[in-house]
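entry.cif follows; it contains mmCIF, C-alpha atoms.
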```cif
data_target
#
loop_
_atom_site.label_atom_id
_atom_site.label_comp_id
_atom_site.auth_asym_id
_atom_site.auth_seq_id
_atom_site.Cartn_x
_atom_site.Cartn_y
_atom_site.Cartn_z
CA MET Q 37 -68.34 -32.97 -61.45
CA ASP Q 38 -64.76 -33.90 -62.05
CA PRO Q 39 -64.52 -36.44 -64.88
CA GLU Q 40 -62.04 -38.32 -62.74
CA PHE Q 41 -64.91 -39.62 -60.62
CA PHE Q 42 -67.01 -40.67 -63.57
CA GLU Q 43 -65.46 -44.10 -63.89
CA GLN Q 44 -65.85 -44.81 -60.18
CA LEU Q 45 -69.49 -43.76 -60.15
CA ALA Q 46 -70.70 -44.93 -63.55
CA MET Q 47 -69.05 -48.32 -63.94
CA PRO Q 48 -71.02 -49.98 -61.11
CA LEU Q 49 -74.16 -49.29 -63.17
CA PHE Q 50 -72.75 -51.08 -66.19
CA ASP Q 51 -74.50 -54.45 -65.70
CA SER Q 52 -77.88 -52.86 -64.98
CA LEU Q 53 -77.63 -50.50 -67.94
CA TYR Q 54 -76.67 -53.31 -70.27
CA ASN Q 55 -79.50 -55.50 -69.04
CA PHE Q 56 -81.96 -52.64 -69.51
CA ALA Q 57 -80.58 -51.85 -72.97
CA HIS Q 58 -80.83 -55.48 -74.05
CA TRP Q 59 -84.42 -55.66 -72.86
CA LEU Q 60 -85.24 -52.53 -74.83
CA THR Q 61 -83.47 -53.42 -78.06
CA GLY Q 62 -83.92 -57.17 -77.95
CA ASN Q 63 -80.46 -57.98 -79.24
CA ARG Q 64 -76.83 -57.81 -78.18
CA VAL Q 65 -75.46 -55.65 -80.99
CA ASP Q 66 -77.98 -52.83 -80.54
CA ALA Q 67 -77.71 -53.11 -76.76
CA GLU Q 68 -73.94 -52.67 -76.91
CA ASP Q 69 -74.26 -49.69 -79.25
CA LEU Q 70 -76.82 -48.16 -76.93
CA VAL Q 71 -74.73 -48.65 -73.79
CA GLN Q 72 -71.61 -47.35 -75.48
CA GLU Q 73 -73.37 -44.23 -76.68
CA THR Q 74 -74.89 -43.75 -73.24
CA TYR Q 75 -71.48 -43.82 -71.58
CA ALA Q 76 -70.02 -41.48 -74.19
CA LYS Q 77 -72.85 -38.97 -73.69
CA ALA Q 78 -72.71 -39.28 -69.91
CA LEU Q 79 -68.95 -38.74 -69.87
CA LYS Q 80 -69.33 -35.67 -72.02
CA GLY Q 81 -72.15 -34.29 -69.89
CA PHE Q 82 -70.66 -35.28 -66.56
CA LYS Q 83 -69.35 -31.79 -65.86
CA SER Q 84 -72.93 -30.55 -65.74
CA PHE Q 85 -74.02 -33.41 -63.51
CA GLN Q 86 -74.68 -32.10 -60.03
CA ASP Q 87 -73.18 -33.95 -57.11
CA GLY Q 88 -75.91 -35.27 -54.83
CA THR Q 89 -78.45 -35.76 -57.58
CA ASN Q 90 -79.37 -39.22 -58.69
CA LEU Q 91 -76.70 -40.62 -60.98
CA ARG Q 92 -78.61 -43.86 -61.57
CA ALA Q 93 -81.72 -42.04 -62.75
CA TRP Q 94 -79.55 -39.68 -64.78
CA MET Q 95 -77.74 -42.51 -66.59
CA PHE Q 96 -80.96 -44.44 -67.25
CA ARG Q 97 -82.51 -41.29 -68.60
CA ILE Q 98 -79.62 -40.80 -71.01
CA LEU Q 99 -79.86 -44.40 -72.12
CA ARG Q 100 -83.60 -44.18 -72.57
CA ASN Q 101 -83.44 -40.93 -74.54
CA THR Q 102 -80.68 -42.35 -76.68
CA PHE Q 103 -82.82 -45.39 -77.32
CA LEU Q 104 -85.80 -43.24 -78.37
CA THR Q 105 -83.73 -41.56 -81.05
CA SER Q 106 -82.21 -44.82 -82.26
CA ARG Q 107 -83.61 -46.79 -85.16
CA THR Q 108 -85.26 -49.46 -83.02
CA GLY Q 109 -86.49 -46.82 -80.61
CA LEU Q 110 -88.14 -44.80 -83.37
CA MET Q 111 -89.85 -47.89 -84.68
CA ALA Q 112 -91.16 -48.71 -81.23
CA ARG Q 113 -92.40 -45.15 -80.71
CA ASN Q 114 -94.38 -45.11 -83.92
CA THR Q 115 -96.50 -48.01 -82.75
CA LEU Q 116 -97.42 -46.43 -79.46
CA SER Q 117 -98.57 -42.87 -79.84
CA PHE Q 118 -102.23 -43.35 -80.74
CA GLU Q 119 -103.15 -45.71 -77.90
CA GLU Q 120 -101.24 -43.92 -75.17
CA GLU Q 121 -101.96 -41.52 -72.37
CA SER Q 122 -105.73 -41.43 -72.23
CA GLU Q 123 -107.51 -40.58 -69.02
CA GLU Q 124 -106.61 -42.26 -65.80
CA ALA Q 125 -110.22 -43.20 -65.13
CA GLU Q 126 -110.08 -45.76 -67.84
CA VAL Q 127 -107.11 -47.38 -66.20
CA ARG Q 128 -108.62 -47.40 -62.77
CA SER Q 129 -111.58 -49.47 -63.84
CA ALA Q 130 -109.71 -51.70 -66.21
CA GLN Q 131 -109.46 -55.13 -64.72
CA VAL Q 132 -108.77 -57.18 -67.72
CA VAL Q 133 -108.03 -60.64 -66.52
CA THR Q 134 -109.38 -62.55 -63.62
CA PRO Q 135 -106.54 -63.00 -61.19
CA GLU Q 136 -107.22 -66.63 -60.37
CA SER Q 137 -106.73 -67.78 -63.89
CA VAL Q 138 -103.32 -66.31 -64.30
CA LEU Q 139 -100.20 -66.42 -62.26
CA LEU Q 140 -101.13 -68.32 -59.17
CA ARG Q 141 -101.03 -71.70 -60.77
CA ASN Q 142 -98.13 -70.72 -62.93
CA GLU Q 143 -94.76 -70.29 -61.37
CA ASN Q 144 -92.98 -70.42 -64.65
CA GLN Q 145 -90.73 -67.42 -64.71
CA GLN Q 146 -89.68 -68.00 -68.27
CA MET Q 147 -93.22 -67.39 -69.39
CA VAL Q 148 -93.29 -64.08 -67.55
CA LEU Q 149 -90.03 -63.08 -69.19
CA ASP Q 150 -91.39 -64.09 -72.60
CA ALA Q 151 -94.46 -61.99 -71.93
CA LEU Q 152 -92.27 -59.06 -70.86
CA ALA Q 153 -90.30 -59.32 -74.11
CA ALA Q 154 -93.59 -59.31 -76.03
CA VAL Q 155 -95.27 -56.22 -74.52
CA PRO Q 156 -94.74 -52.84 -76.26
CA VAL Q 157 -91.43 -51.28 -75.40
CA HIS Q 158 -92.91 -48.29 -73.50
CA TYR Q 159 -94.59 -50.77 -71.17
CA ARG Q 160 -91.53 -52.97 -70.93
CA GLU Q 161 -89.28 -50.07 -69.91
CA ILE Q 162 -91.53 -48.85 -67.10
CA ILE Q 163 -91.95 -52.37 -65.73
CA LEU Q 164 -88.17 -52.87 -65.77
CA LEU Q 165 -87.52 -49.54 -64.06
CA CYS Q 166 -90.07 -50.34 -61.37
CA GLU Q 167 -89.60 -54.06 -60.78
CA VAL Q 168 -85.99 -54.71 -61.75
CA GLU Q 169 -84.25 -51.43 -61.07
CA GLU Q 170 -86.62 -50.76 -58.17
CA LEU Q 171 -86.67 -47.05 -58.89
CA SER Q 172 -89.21 -44.95 -57.03
CA TYR Q 173 -92.08 -43.36 -58.96
CA ARG Q 174 -90.24 -40.06 -58.65
CA GLU Q 175 -87.09 -41.52 -60.20
CA ILE Q 176 -89.08 -43.19 -62.95
CA ALA Q 177 -90.73 -39.85 -63.66
CA GLU Q 178 -87.25 -38.37 -63.99
CA VAL Q 179 -85.99 -41.10 -66.30
CA LEU Q 180 -89.04 -40.99 -68.56
CA SER Q 181 -89.56 -37.21 -68.32
CA LEU Q 182 -93.17 -37.70 -67.24
CA PRO Q 183 -95.32 -36.34 -64.42
CA ILE Q 184 -95.79 -38.78 -61.54
CA GLY Q 185 -99.49 -39.20 -62.27
CA THR Q 186 -98.70 -40.40 -65.76
CA VAL Q 187 -96.06 -42.75 -64.38
CA MET Q 188 -98.67 -44.37 -62.18
CA SER Q 189 -101.26 -44.73 -64.91
CA ARG Q 190 -98.78 -46.03 -67.43
CA LEU Q 191 -97.38 -48.50 -64.93
CA SER Q 192 -100.87 -49.77 -64.30
CA ARG Q 193 -101.52 -50.11 -68.00
CA ALA Q 194 -98.19 -51.82 -68.46
CA ARG Q 195 -98.99 -54.40 -65.80
CA ASN Q 196 -102.36 -55.08 -67.36
CA SER Q 197 -100.75 -55.46 -70.72
CA LEU Q 198 -98.25 -57.92 -69.25
CA ARG Q 199 -101.03 -59.92 -67.64
CA GLN Q 200 -102.95 -60.05 -70.88
CA MET Q 201 -99.89 -61.19 -72.70
CA LEU Q 202 -99.27 -63.81 -70.08
CA ALA Q 203 -102.85 -65.03 -70.25
CA ALA Q 204 -102.60 -65.26 -74.03
CA LYS Q 205 -99.40 -67.28 -73.77
CA GLN Q 206 -100.94 -69.57 -71.19
CA SER Q 207 -104.03 -70.30 -73.20
CA ALA Q 208 -101.88 -70.81 -76.27
CA ARG Q 209 -99.85 -73.35 -74.37
CA ALA Q 210 -102.99 -75.00 -72.96
CA THR Q 211 -104.40 -75.62 -76.41
CA VAL Q 212 -101.19 -77.17 -77.73
CA MET A 1465 -117.16 -57.44 -59.30
CA LYS A 1466 -115.50 -54.66 -57.37
CA ASN A 1467 -117.10 -53.99 -54.07
CA CYS A 1468 -114.36 -51.92 -52.45
CA ASP A 1469 -113.05 -48.39 -52.64
CA TRP A 1470 -109.49 -49.23 -53.59
CA ASP A 1471 -108.45 -48.93 -57.16
CA ALA A 1472 -105.68 -50.66 -59.09
CA ILE A 1473 -103.34 -47.69 -58.90
CA THR A 1474 -103.49 -47.39 -55.13
CA LEU A 1475 -102.99 -51.11 -54.80
CA ALA A 1476 -99.91 -50.86 -57.00
CA GLN A 1477 -98.67 -47.90 -54.96
CA TYR A 1478 -99.03 -50.02 -51.87
CA LEU A 1479 -97.05 -52.91 -53.37
CA ASP A 1480 -94.42 -50.61 -54.79
CA GLY A 1481 -93.88 -49.04 -51.37
CA GLU A 1482 -95.13 -45.66 -52.51
CA LEU A 1483 -97.87 -45.15 -49.92
CA ALA A 1484 -97.42 -43.08 -46.78
CA PRO A 1485 -97.25 -45.24 -43.58
CA ASP A 1486 -100.77 -44.43 -42.39
CA GLN A 1487 -102.27 -45.10 -45.83
CA ALA A 1488 -100.30 -48.31 -46.06
CA SER A 1489 -101.59 -49.64 -42.77
CA ARG A 1490 -105.18 -48.85 -43.75
CA MET A 1491 -104.53 -50.69 -47.01
CA GLU A 1492 -103.14 -53.66 -45.18
CA GLN A 1493 -106.23 -53.79 -43.01
CA HIS A 1494 -108.47 -53.62 -46.06
CA ILE A 1495 -106.60 -56.41 -47.89
CA SER A 1496 -107.06 -58.79 -45.02
CA ASP A 1497 -110.82 -58.07 -45.07
CA CYS A 1498 -111.41 -58.01 -48.83
CA PRO A 1499 -111.17 -61.27 -50.78
CA HIS A 1500 -111.06 -59.49 -54.10
CA CYS A 1501 -108.15 -57.29 -53.16
CA SER A 1502 -106.22 -60.07 -51.43
CA ALA A 1503 -106.51 -62.22 -54.55
CA GLU A 1504 -105.37 -59.31 -56.66
CA VAL A 1505 -102.40 -58.68 -54.35
CA SER A 1506 -101.27 -62.27 -54.50
CA VAL A 1507 -101.30 -62.15 -58.31
CA LEU A 1508 -99.35 -58.91 -58.36
CA VAL A 1509 -96.85 -60.15 -55.79
CA SER A 1510 -96.30 -63.35 -57.72
CA MET A 1511 -95.79 -61.33 -60.89
CA LYS A 1512 -93.35 -59.04 -59.12
CA ARG A 1513 -91.41 -62.05 -57.92
CA SER A 1514 -91.28 -63.57 -61.38
CA LEU A 1515 -90.12 -60.31 -62.88
CA ARG A 1516 -87.06 -60.28 -60.66
CA ALA A 1517 -85.64 -62.86 -63.04
CA ALA A 1518 -85.44 -60.07 -65.61
CA ASP A 1519 -82.62 -58.57 -63.57
CA ARG A 1520 -79.21 -59.65 -64.90
CA HIS A 1521 -81.14 -61.69 -67.46
CA PHE A 1522 -78.81 -60.31 -70.12
CA THR A 1523 -75.17 -60.01 -69.16
CA PRO A 1524 -72.58 -58.05 -71.09
CA THR A 1525 -69.52 -59.82 -72.44
CA ALA A 1526 -66.20 -59.33 -70.69
CA GLU A 1527 -64.83 -57.88 -73.91
CA PHE A 1528 -67.56 -55.24 -74.07
CA ARG A 1529 -67.01 -54.37 -70.41
CA ARG A 1530 -63.31 -53.81 -71.13
CA LYS A 1531 -64.19 -51.62 -74.10
CA ILE A 1532 -66.44 -49.36 -72.02
CA GLN A 1533 -63.96 -49.33 -69.15
CA GLN A 1534 -61.31 -48.10 -71.55
CA GLN A 1535 -63.62 -45.53 -73.08
CA VAL A 1536 -64.50 -44.22 -69.64
CA SER A 1537 -61.01 -44.13 -68.14
CA ARG A 1538 -59.35 -42.68 -71.25
CA PRO A 1539 -59.36 -38.97 -70.41
CA GLN A 1540 -57.75 -39.65 -67.05
CA SER A 1541 -55.04 -41.86 -68.43
CA LYS A 1542 -54.46 -39.34 -71.20
CA TRP A 1543 -53.69 -36.75 -68.54
CA ASN A 1544 -51.47 -39.18 -66.73
CA MET A 1545 -49.62 -40.05 -69.90
CA ARG A 1546 -49.07 -36.38 -70.61
CA PHE A 1547 -47.51 -35.94 -67.17
CA VAL A 1548 -45.46 -39.10 -67.49
CA TRP A 1549 -44.09 -37.88 -70.81
CA ALA A 1550 -43.29 -34.45 -69.43
CA PHE A 1551 -41.49 -35.97 -66.45
CA ALA A 1552 -39.66 -38.43 -68.66
CA MET A 1553 -38.44 -35.64 -70.93
CA LEU A 1554 -37.40 -33.55 -67.95
CA ALA A 1555 -35.55 -36.50 -66.42
CA VAL A 1556 -33.73 -37.19 -69.69
CA VAL A 1557 -32.66 -33.55 -70.01
CA LEU A 1558 -31.55 -33.52 -66.38
CA ILE A 1559 -29.58 -36.74 -66.68
CA LEU A 1560 -27.95 -35.60 -69.91
CA SER A 1561 -26.91 -32.29 -68.41
CA ILE A 1562 -25.52 -33.98 -65.29
CA VAL A 1563 -23.59 -36.46 -67.42
CA TRP A 1564 -22.32 -33.62 -69.58
CA LEU A 1565 -21.29 -31.59 -66.52
CA VAL A 1566 -19.51 -34.50 -64.87
CA ARG A 1567 -17.81 -35.47 -68.11
CA SER A 1568 -16.70 -31.94 -68.88
CA ARG A 1569 -15.28 -31.62 -65.37
CA ARG A 1570 -13.60 -34.97 -65.62
CA VAL A 1571 -12.02 -34.12 -68.92
CA ASP A 1572 -11.03 -30.74 -67.56
CA THR A 1573 -8.90 -31.78 -64.60
CA PHE A 1574 -6.00 -33.39 -66.43
CA SER A 1575 -5.83 -30.73 -69.13
CA GLU A 1576 -6.14 -27.94 -66.57
CA VAL A 1577 -3.40 -29.45 -64.44
CA ALA A 1578 -1.26 -29.95 -67.53
CA ASP A 1579 -1.91 -26.35 -68.59
CA LEU A 1580 -0.93 -25.07 -65.16
CA HIS A 1581 2.25 -27.11 -65.24
CA VAL A 1582 3.16 -26.05 -68.78
CA SER A 1583 2.49 -22.39 -68.10
CA THR A 1584 4.76 -22.66 -65.08
CA LEU A 1585 7.53 -24.14 -67.21
CA ALA A 1586 7.13 -21.40 -69.81
CA SER A 1587 6.99 -18.57 -67.27
CA THR A 1588 10.00 -16.41 -66.62
CA ASN A 1589 9.11 -16.27 -62.97
CA PRO A 1590 7.34 -19.54 -62.35
CA VAL A 1591 7.03 -19.14 -58.61
CA ASP A 1592 5.93 -16.35 -56.29
CA VAL A 1593 7.90 -17.54 -53.32
CA ILE A 1594 11.38 -18.48 -54.32
CA SER A 1595 13.03 -20.65 -51.75
CA THR A 1596 14.49 -24.08 -51.40
CA ASP A 1597 13.72 -23.92 -47.72
CA ARG A 1598 10.48 -25.62 -46.83
CA HIS A 1599 10.35 -23.56 -43.65
CA THR A 1600 10.09 -20.45 -45.79
CA VAL A 1601 7.71 -21.80 -48.39
CA LYS A 1602 5.11 -23.31 -46.08
CA PRO A 1603 4.46 -20.17 -43.99
CA TRP A 1604 4.22 -18.09 -47.16
CA PHE A 1605 0.97 -19.91 -48.05
CA GLN A 1606 -0.66 -19.12 -44.70
CA GLY A 1607 -3.50 -16.69 -45.29
CA ARG A 1608 -3.27 -17.18 -49.05
CA ILE A 1609 -5.00 -20.54 -49.13
CA PRO A 1610 -7.74 -21.90 -46.82
CA PHE A 1611 -5.78 -24.94 -45.61
CA SER A 1612 -2.27 -25.99 -44.65
CA PHE A 1613 0.01 -28.85 -45.66
CA ASN A 1614 3.47 -30.16 -44.88
CA LEU A 1615 6.51 -30.16 -47.13
CA PRO A 1616 8.85 -33.17 -47.17
CA GLU A 1617 12.44 -33.25 -45.99
CA LEU A 1618 14.39 -33.35 -49.24
CA ALA A 1619 17.91 -33.64 -47.83
CA GLY A 1620 19.59 -36.70 -49.27
CA THR A 1621 17.18 -36.98 -52.22
CA GLU A 1622 17.62 -35.91 -55.81
CA PHE A 1623 14.71 -33.47 -55.48
CA THR A 1624 15.06 -29.77 -54.91
CA LEU A 1625 12.28 -27.39 -53.93
CA LEU A 1626 12.16 -24.36 -56.20
CA GLY A 1627 9.28 -22.49 -54.63
CA GLY A 1628 5.55 -22.10 -54.89
CA ARG A 1629 2.58 -19.98 -55.91
CA VAL A 1630 -1.17 -19.86 -55.53
CA VAL A 1631 -3.11 -21.33 -58.47
CA TYR A 1632 -6.76 -22.01 -59.10
CA LEU A 1633 -8.30 -25.29 -60.18
CA HIS A 1634 -12.08 -25.42 -60.74
CA GLN A 1635 -12.35 -21.98 -59.10
CA GLN A 1636 -10.64 -23.22 -55.95
CA PRO A 1637 -7.42 -21.71 -54.63
CA GLY A 1638 -4.57 -24.12 -53.98
CA ALA A 1639 -0.83 -24.40 -53.74
CA GLN A 1640 1.46 -25.22 -56.62
CA LEU A 1641 4.94 -26.31 -55.57
CA ILE A 1642 7.73 -26.69 -58.07
CA PHE A 1643 10.39 -29.32 -57.52
CA THR A 1644 13.32 -30.00 -59.77
CA VAL A 1645 15.17 -33.15 -60.50
CA ARG A 1646 17.95 -33.28 -63.11
CA GLN A 1647 16.75 -30.11 -64.87
CA HIS A 1648 13.20 -31.42 -64.99
CA LYS A 1649 10.49 -29.61 -63.22
CA ILE A 1650 7.68 -31.31 -61.36
CA SER A 1651 4.53 -29.57 -60.17
CA VAL A 1652 2.78 -30.64 -57.00
CA LEU A 1653 -0.72 -29.22 -56.70
CA ILE A 1654 -2.50 -29.25 -53.38
CA TYR A 1655 -6.19 -28.40 -52.93
CA ARG A 1656 -8.89 -28.90 -50.42
CA GLU A 1657 -10.63 -32.10 -51.57
CA SER A 1658 -14.10 -31.66 -53.06
CA ALA A 1659 -16.41 -33.77 -55.17
CA GLY A 1660 -15.37 -33.89 -58.81
CA LEU A 1661 -12.06 -32.15 -58.23
CA ALA A 1662 -10.02 -35.21 -59.25
CA GLY A 1663 -12.17 -35.50 -62.38
CA ASP A 1664 -10.60 -37.79 -64.89
CA LEU A 1665 -7.54 -38.48 -62.74
CA THR A 1666 -7.47 -41.83 -60.95
CA ASP A 1667 -6.05 -42.16 -57.47
CA GLY A 1668 -3.12 -44.41 -56.67
CA ASN A 1669 -1.14 -45.19 -59.79
CA VAL A 1670 1.17 -43.00 -61.77
CA GLU A 1671 -0.51 -42.49 -65.11
CA ARG A 1672 1.15 -41.79 -68.41
CA ARG A 1673 -0.82 -39.04 -70.11
CA HIS A 1674 0.47 -37.44 -73.29
CA ALA A 1675 4.00 -36.30 -72.45
CA PHE A 1676 3.41 -36.32 -68.70
CA ASN A 1677 3.33 -38.68 -65.82
CA VAL A 1678 0.60 -37.85 -63.40
CA ALA A 1679 -0.17 -39.13 -59.91
CA ALA A 1680 -3.16 -38.19 -57.81
CA TRP A 1681 -4.25 -39.12 -54.30
CA LYS A 1682 -6.12 -37.68 -51.41
CA THR A 1683 -5.81 -37.56 -47.68
CA GLN A 1684 -8.67 -36.86 -45.33
CA ASP A 1685 -9.33 -33.38 -46.69
CA LEU A 1686 -6.55 -32.62 -49.16
CA ARG A 1687 -6.20 -33.49 -52.79
CA PHE A 1688 -2.68 -33.96 -54.18
CA ILE A 1689 -1.74 -34.02 -57.85
CA VAL A 1690 1.83 -34.55 -59.05
CA ILE A 1691 2.65 -33.90 -62.69
CA GLY A 1692 5.94 -33.83 -64.56
CA ASP A 1693 7.81 -35.13 -67.57
CA VAL A 1694 10.19 -37.29 -65.51
CA ASP A 1695 10.16 -41.07 -65.11
CA VAL A 1696 7.39 -42.90 -63.38
CA ASP A 1697 9.87 -43.92 -60.67
CA GLU A 1698 10.80 -40.34 -59.83
CA ILE A 1699 7.19 -39.25 -59.70
CA ARG A 1700 6.53 -42.18 -57.42
CA LYS A 1701 9.46 -41.30 -55.17
CA LEU A 1702 8.35 -37.68 -54.81
CA THR A 1703 4.83 -38.86 -54.22
CA GLN A 1704 5.97 -41.08 -51.38
CA LEU A 1705 7.98 -38.26 -49.78
CA ILE A 1706 4.98 -35.93 -49.81
CA GLN A 1707 2.65 -38.67 -48.57
CA ILE A 1708 4.96 -39.36 -45.60
CA ALA A 1709 5.12 -35.65 -44.77
CA ASN A 1710 1.31 -35.32 -44.84
CA LYS A 1711 0.31 -38.42 -42.94
#
```

Kindly transcribe the structure held in the file into structure tokens.
Amino acid sequence: MDPEFFEQLAMPLFDSLYNFAHWLTGNRVDAEDLVQETYAKALKGFKSFQDGTNLRAWMFRILRNTFLTSRTGLMARNTLSFEEESEEAEVRSAQVVTPESVLLRNENQQMVLDALAAVPVHYREIILLCEVEELSYREIAEVLSLPIGTVMSRLSRARNSLRQMLAAKQSARATV
Amino acid sequence: MKNCDWDAITLAQYLDGELAPDQASRMEQHISDCPHCSAEVSVLVSMKRSLRAADRHFTPTAEFRRKIQQQVSRPQSKWNMRFVWAFAMLAVVLILSIVWLVRSRRVDTFSEVADLHVSTLASTNPVDVISTDRHTVKPWFQGRIPFSFNLPELAGTEFTLLGGRVVYLHQQPGAQLIFTVRQHKISVLIYRESAGLAGDLTDGNVERRHAFNVAAWKTQDLRFIVIGDVDVDEIRKLTQLIQIANK
């Protein structure tokens, strides 16, 4: 597409992309670097971007791939590979925490956000794409370059991981 | 613990709006019947709601926004600047050439008129129609120049008509009339008025230029220039006579 339209189309995504980048990197400096590089890459590749395809998913995908090759991204990736992507069956039966004990009595959003910041980054990103960016499974699959089945299983695992983290934080607070 | 057919993934699909309508309605039915699933849904919904706070949780600084905005809009503005510069250069060249043209024309008129007058003085036959009679001179110009003019009645004045010829000023044909007064010759040049013809000559006053006195004025469509080495008063007198004749 004509680079002239890039600004019009890409700038409205700026706040979302920054928020996502900050959640991934955990600090402002790295988030700004990541967003800046994302925009530079997107601008360069905009000619090959097809009108009518999903610009949001495209931009998030660039940001996410850029993150994976960054220093913090590489560190995060090293911690994940061995525990990831086992069979779906395992996920389907995994019901780690009893629902009653967790969120119902706790409306504290800050604790949820703390838990989100604490889960592994490959869980954090899929939760953000689903819950915050409200992307469809198909779009998430596009951003993460995964088949839809894997998106669903990873999302399920990510939610369990978040709940575990939340439960841990709650019990930690209860004992204080 | 689980006594129903629905698994965690399908439940999530339902909450994420990823189920087909018929599947979704069956799911809804099941949730209302199954305490386990309804408890699970309320946990997931509450978690979903809490997670919304993660949106816009981190906001970029205004400075960073400006930086990206600049980075993104740069190629466009670079193009614009290139055009602006090209147009600016073109405009400057155009203005300079117009100024130069106008100036060169302006400078030209007096020196051309002076040249015409001097060459007439130096010529052995300065006029093509030799007559002191205005009724002879005026008709002679008919068909030679694209306009007509009137000659003044000179009886009782110190001026004498010597004759006339066709001369060109700025590529335009016109009439040059030679008058004499006390052995001095005065040229009267008459042209059809056009933009820039007067050039550096100013209308109204008699101007002293080098060795000459020059007067210039225009009527509705004629341009008159009087040049000679006589006094300002005599130029003015002749000017008035011609002006009266061409009112």

Note to self: Can you translate the PyMOL selection byres ((chain A and resi 1573) around 9) into the concrete residues it hits in this file, as a PyMOL selection string?
What the structure shows: chain A and resi 1568-1572+1574-1578+1633-1634+1660-1665

Could you tell me which residues the PyMOL selection byres ((chain A) within 9 of (chain Q)) grabs in this file, written as a PDB file with C-alpha atoms, in the frame of the given file?
```
ATOM      1  CA  ASP A1471    -108.450 -48.930 -57.160  1.00  0.00           C
ATOM      2  CA  ALA A1472    -105.680 -50.660 -59.090  1.00  0.00           C
ATOM      3  CA  ILE A1473    -103.340 -47.690 -58.900  1.00  0.00           C
ATOM      4  CA  ALA A1476     -99.910 -50.860 -57.000  1.00  0.00           C
ATOM      5  CA  GLN A1477     -98.670 -47.900 -54.960  1.00  0.00           C
ATOM      6  CA  ASP A1480     -94.420 -50.610 -54.790  1.00  0.00           C
ATOM      7  CA  GLY A1481     -93.880 -49.040 -51.370  1.00  0.00           C
ATOM      8  CA  GLU A1482     -95.130 -45.660 -52.510  1.00  0.00           C
ATOM      9  CA  ALA A1503    -106.510 -62.220 -54.550  1.00  0.00           C
ATOM     10  CA  GLU A1504    -105.370 -59.310 -56.660  1.00  0.00           C
ATOM     11  CA  SER A1506    -101.270 -62.270 -54.500  1.00  0.00           C
ATOM     12  CA  VAL A1507    -101.300 -62.150 -58.310  1.00  0.00           C
ATOM     13  CA  LEU A1508     -99.350 -58.910 -58.360  1.00  0.00           C
ATOM     14  CA  SER A1510     -96.300 -63.350 -57.720  1.00  0.00           C
ATOM     15  CA  MET A1511     -95.790 -61.330 -60.890  1.00  0.00           C
ATOM     16  CA  LYS A1512     -93.350 -59.040 -59.120  1.00  0.00           C
ATOM     17  CA  ARG A1513     -91.410 -62.050 -57.920  1.00  0.00           C
ATOM     18  CA  SER A1514     -91.280 -63.570 -61.380  1.00  0.00           C
ATOM     19  CA  LEU A1515     -90.120 -60.310 -62.880  1.00  0.00           C
ATOM     20  CA  ARG A1516     -87.060 -60.280 -60.660  1.00  0.00           C
ATOM     21  CA  ALA A1517     -85.640 -62.860 -63.040  1.00  0.00           C
ATOM     22  CA  ALA A1518     -85.440 -60.070 -65.610  1.00  0.00           C
ATOM     23  CA  ASP A1519     -82.620 -58.570 -63.570  1.00  0.00           C
ATOM     24  CA  ARG A1520     -79.210 -59.650 -64.900  1.00  0.00           C
ATOM     25  CA  HIS A1521     -81.140 -61.690 -67.460  1.00  0.00           C
ATOM     26  CA  PHE A1522     -78.810 -60.310 -70.120  1.00  0.00           C
ATOM     27  CA  THR A1523     -75.170 -60.010 -69.160  1.00  0.00           C
ATOM     28  CA  PRO A1524     -72.580 -58.050 -71.090  1.00  0.00           C
ATOM     29  CA  PHE A1528     -67.560 -55.240 -74.070  1.00  0.00           C
ATOM     30  CA  ARG A1529     -67.010 -54.370 -70.410  1.00  0.00           C
ATOM     31  CA  LYS A1531     -64.190 -51.620 -74.100  1.00  0.00           C
ATOM     32  CA  ILE A1532     -66.440 -49.360 -72.020  1.00  0.00           C
ATOM     33  CA  GLN A1533     -63.960 -49.330 -69.150  1.00  0.00           C
ATOM     34  CA  GLN A1535     -63.620 -45.530 -73.080  1.00  0.00           C
ATOM     35  CA  VAL A1536     -64.500 -44.220 -69.640  1.00  0.00           C
ATOM     36  CA  SER A1537     -61.010 -44.130 -68.140  1.00  0.00           C
ATOM     37  CA  PRO A1539     -59.360 -38.970 -70.410  1.00  0.00           C
ATOM     38  CA  GLN A1540     -57.750 -39.650 -67.050  1.00  0.00           C
TER      39      GLN A1540
END
```

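Between CA of Leu70 in chain Q and CA of Met1545 in chain A lies a distance of 29.2 Å.
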
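Nearest-residue note for Arg1646 in chain A: choosing from A:Asp1685, A:Glu1698, A:Glu1527, A:Asp1579, the minimum distance belongs to A:Glu1698, counting all atoms listed in the file.
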
Next item on the list: Give as a PyMOL selection string every residue, naming chains and numbers as the document does, that has an atom within 12 Å of (-71.3, -32.2, -56.5), counting only C-alpha atoms.
Entry: chain Q and resi 37-39+41-42+82-91

Next item on the list: Measuring atom to atom with all atoms listed in the file, identify which of Q:Arg92, Q:Arg209, Q:Asn101, Q:Ala194 is nearest to Pro48 in chain Q.
Entry: Q:Arg92

Margin query: Assuming the chain letters and numbering stay as they are in my file, what does the PyMOL selection byres ((chain A and resi 1602) around 9) actually select? List them as a ChimeraX atom specification.
Written below: /A:1597-1601,1603-1606,1612-1615,1628

Notebook entry, point to check: If we count all atoms listed in the file, what is near Thr1621 in chain A at a cut-off of 10 Å, once residues fewer than 6 positions away on the same chain are taken out, given as a ChimeraX atom specification?
Noted result: /A:1645,1701-1702,1705

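Proximity of A:Leu1479, A:Ile1609, A:Cys1468, A:Val1556 to Cys1501 in chain A, computed with all atoms listed in the file, is greatest for A:Cys1468.
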